Amino acid sequence: MTNPFTPPSARVSGAPPEKGSPYKAVLWGLLVDWGGTLTAGVMLSVLYGAMLASSGMPPEEIEEALRNIPVDSWVSVAGMAVGALCSGLGGYVCARVAKHNEFVLGAVLALLSVSLGLLVGSESYSLLEHLGLSVLSFLAVMFGVRLGAARNAPEGAG
(Lines give C-alpha, C1' and ligand atoms only; values in the text may rest on other atoms or scores of the structure.)
Protein backbone atom coordinates (compact mmCIF):
# COMPACT_ATOMS: atom_id res chain seq x y z
CA MET A 1 0.00 0.00 0.00
CA THR A 2 1.35 3.45 -0.87
CA ASN A 3 1.73 6.16 1.68
CA PRO A 4 -0.86 8.92 1.01
CA PHE A 5 1.53 11.52 2.45
CA THR A 6 4.27 10.88 -0.12
CA PRO A 7 4.72 13.86 -2.47
CA PRO A 8 4.02 13.23 -6.15
CA SER A 9 6.95 11.87 -8.11
CA ALA A 10 6.13 13.55 -11.42
CA ARG A 11 8.65 16.08 -12.70
CA VAL A 12 7.07 19.47 -12.90
CA SER A 13 9.00 22.07 -14.81
CA GLY A 14 8.38 25.76 -14.83
CA ALA A 15 7.17 27.70 -17.80
CA PRO A 16 9.65 28.03 -20.63
CA PRO A 17 11.81 31.14 -20.35
CA GLU A 18 10.54 34.21 -22.12
CA LYS A 19 12.31 35.16 -25.31
CA GLY A 20 14.61 38.13 -25.01
CA SER A 21 14.92 41.05 -27.38
CA PRO A 22 17.17 40.25 -30.34
CA TYR A 23 18.31 43.88 -30.47
CA LYS A 24 19.30 43.88 -26.81
CA ALA A 25 21.02 40.53 -27.23
CA VAL A 26 23.21 41.74 -30.08
CA LEU A 27 23.84 45.13 -28.45
CA TRP A 28 24.87 43.60 -25.11
CA GLY A 29 27.04 41.05 -26.88
CA LEU A 30 28.76 43.79 -28.87
CA LEU A 31 29.29 45.90 -25.74
CA VAL A 32 30.82 42.97 -23.87
CA ASP A 33 33.01 42.00 -26.85
CA TRP A 34 34.28 45.46 -27.74
CA GLY A 35 34.17 46.99 -24.28
CA GLY A 36 36.19 44.12 -22.85
CA THR A 37 38.62 44.08 -25.74
CA LEU A 38 39.25 47.84 -25.59
CA THR A 39 39.61 47.83 -21.80
CA ALA A 40 42.07 44.94 -21.95
CA GLY A 41 43.97 46.67 -24.77
CA VAL A 42 44.39 49.82 -22.72
CA MET A 43 45.53 47.83 -19.69
CA LEU A 44 48.04 45.85 -21.78
CA SER A 45 49.37 49.06 -23.35
CA VAL A 46 49.83 50.66 -19.93
CA LEU A 47 51.59 47.53 -18.64
CA TYR A 48 53.84 47.35 -21.70
CA GLY A 49 54.62 51.09 -21.50
CA ALA A 50 55.48 50.75 -17.81
CA MET A 51 57.77 47.81 -18.56
CA LEU A 52 59.53 49.79 -21.28
CA ALA A 53 59.87 52.81 -18.96
CA SER A 54 61.29 50.68 -16.16
CA SER A 55 63.93 49.39 -18.57
CA GLY A 56 65.14 52.97 -19.06
CA MET A 57 63.63 53.65 -22.48
CA PRO A 58 63.04 57.37 -23.19
CA PRO A 59 59.39 58.52 -23.48
CA GLU A 60 59.69 59.25 -27.22
CA GLU A 61 60.85 55.70 -27.91
CA ILE A 62 58.11 54.27 -25.68
CA GLU A 63 55.51 56.20 -27.64
CA GLU A 64 56.95 54.87 -30.90
CA ALA A 65 57.13 51.31 -29.53
CA LEU A 66 53.47 51.49 -28.46
CA ARG A 67 52.46 52.67 -31.93
CA ASN A 68 54.33 49.83 -33.65
CA ILE A 69 53.83 46.70 -31.56
CA PRO A 70 54.91 43.69 -33.64
CA VAL A 71 52.14 41.17 -34.32
CA ASP A 72 54.30 38.31 -32.99
CA SER A 73 55.19 40.05 -29.69
CA TRP A 74 53.87 38.83 -26.35
CA VAL A 75 51.78 42.01 -25.99
CA SER A 76 50.08 41.47 -29.33
CA VAL A 77 49.50 37.76 -28.72
CA ALA A 78 48.11 38.51 -25.24
CA GLY A 79 45.85 41.16 -26.75
CA MET A 80 44.56 38.73 -29.36
CA ALA A 81 43.94 36.06 -26.73
CA VAL A 82 42.07 38.43 -24.43
CA GLY A 83 40.16 39.79 -27.42
CA ALA A 84 39.11 36.27 -28.38
CA LEU A 85 37.97 35.62 -24.80
CA CYS A 86 35.94 38.85 -24.85
CA SER A 87 34.43 37.83 -28.20
CA GLY A 88 33.45 34.47 -26.75
CA LEU A 89 31.95 36.13 -23.70
CA GLY A 90 30.06 38.54 -25.97
CA GLY A 91 28.61 35.58 -27.89
CA TYR A 92 27.62 33.91 -24.62
CA VAL A 93 25.89 37.07 -23.38
CA CYS A 94 24.10 37.46 -26.71
CA ALA A 95 22.73 33.91 -26.55
CA ARG A 96 21.72 34.18 -22.90
CA VAL A 97 19.88 37.47 -23.43
CA ALA A 98 18.15 36.29 -26.63
CA LYS A 99 16.95 32.89 -25.40
CA HIS A 100 15.87 32.08 -28.97
CA ASN A 101 17.51 32.02 -32.41
CA GLU A 102 20.84 32.09 -30.62
CA PHE A 103 22.94 31.02 -33.60
CA VAL A 104 21.33 33.47 -36.02
CA LEU A 105 21.73 36.35 -33.60
CA GLY A 106 25.24 35.16 -32.75
CA ALA A 107 26.16 35.21 -36.43
CA VAL A 108 24.82 38.79 -36.68
CA LEU A 109 26.91 39.71 -33.64
CA ALA A 110 29.99 38.02 -35.12
CA LEU A 111 29.59 39.83 -38.44
CA LEU A 112 29.14 43.19 -36.69
CA SER A 113 32.16 42.53 -34.49
CA VAL A 114 34.33 41.50 -37.43
CA SER A 115 33.16 44.52 -39.48
CA LEU A 116 33.93 46.87 -36.63
CA GLY A 117 37.34 45.25 -36.26
CA LEU A 118 38.07 45.79 -39.93
CA LEU A 119 37.05 49.45 -39.67
CA VAL A 120 39.01 50.17 -36.49
CA GLY A 121 42.15 48.27 -37.42
CA SER A 122 42.18 49.10 -41.12
CA GLU A 123 45.78 50.35 -41.12
CA SER A 124 47.18 48.23 -38.30
CA TYR A 125 47.27 44.84 -40.00
CA SER A 126 47.99 43.30 -43.37
CA LEU A 127 45.20 41.67 -45.37
CA LEU A 128 46.26 38.20 -44.22
CA GLU A 129 46.38 39.31 -40.58
CA HIS A 130 42.93 40.86 -40.95
CA LEU A 131 41.62 37.61 -42.38
CA GLY A 132 43.11 35.54 -39.55
CA LEU A 133 41.83 37.87 -36.83
CA SER A 134 38.39 37.98 -38.45
CA VAL A 135 38.16 34.19 -38.52
CA LEU A 136 39.39 33.99 -34.91
CA SER A 137 36.85 36.57 -33.78
CA PHE A 138 33.97 34.91 -35.65
CA LEU A 139 34.79 31.50 -34.23
CA ALA A 140 35.20 32.88 -30.70
CA VAL A 141 31.80 34.58 -30.84
CA MET A 142 30.12 31.45 -32.17
CA PHE A 143 31.79 29.30 -29.51
CA GLY A 144 30.38 31.62 -26.86
CA VAL A 145 26.98 31.42 -28.53
CA ARG A 146 27.21 27.62 -28.45
CA LEU A 147 27.87 27.69 -24.71
CA GLY A 148 25.05 30.18 -24.12
CA ALA A 149 22.58 28.19 -26.24
CA ALA A 150 23.47 25.03 -24.33
CA ARG A 151 22.84 26.86 -21.08
CA ASN A 152 19.47 28.09 -22.40
CA ALA A 153 18.34 24.58 -23.37
CA PRO A 154 15.78 23.06 -21.04
CA GLU A 155 16.90 20.20 -18.81
CA GLY A 156 16.84 16.87 -20.56
CA ALA A 157 17.01 18.39 -24.05
CA GLY A 158 19.58 16.65 -26.21
# chains A, B, ... in the order shown; residues from 1 in each chain; ligands from 1
>>> residues_around(residues="A:Ser113", least_positions_apart="5", cutoff="8 Å", atoms="only C-alpha atoms", output="PyMOL selection string")
chain A and resi 30+33-34+137-138
>>> select_by_dssp(residues="chain A", states="alpha helix (DSSP H)", output="ChimeraX atom specification")
/A:22-54,59-67,74-98,102-120,127-152
>>> closest_residue(among="A:Ala95, A:Val114, A:Met57, A:Leu105", to="A:Val135", atoms="only C-alpha atoms")
A:Val114
>>> residues_around(residues="stretch 68-80 of chain A", least_positions_apart="6", cutoff="10 Å", atoms="only C-alpha atoms", output="JSON, numbers by chain")
{"A": [37, 38, 40, 41, 42, 43, 44, 45, 47, 48, 62, 86, 124, 125, 129, 133, 136, 137]}
>>> atom_distance(atom1="atom CA of A:Gly144", atom2="atom CA of A:Gly106")
8.6 Å
>>> atom_distance(atom1="atom CA of A:Leu139", atom2="atom CA of A:Gly88")
8.2 Å
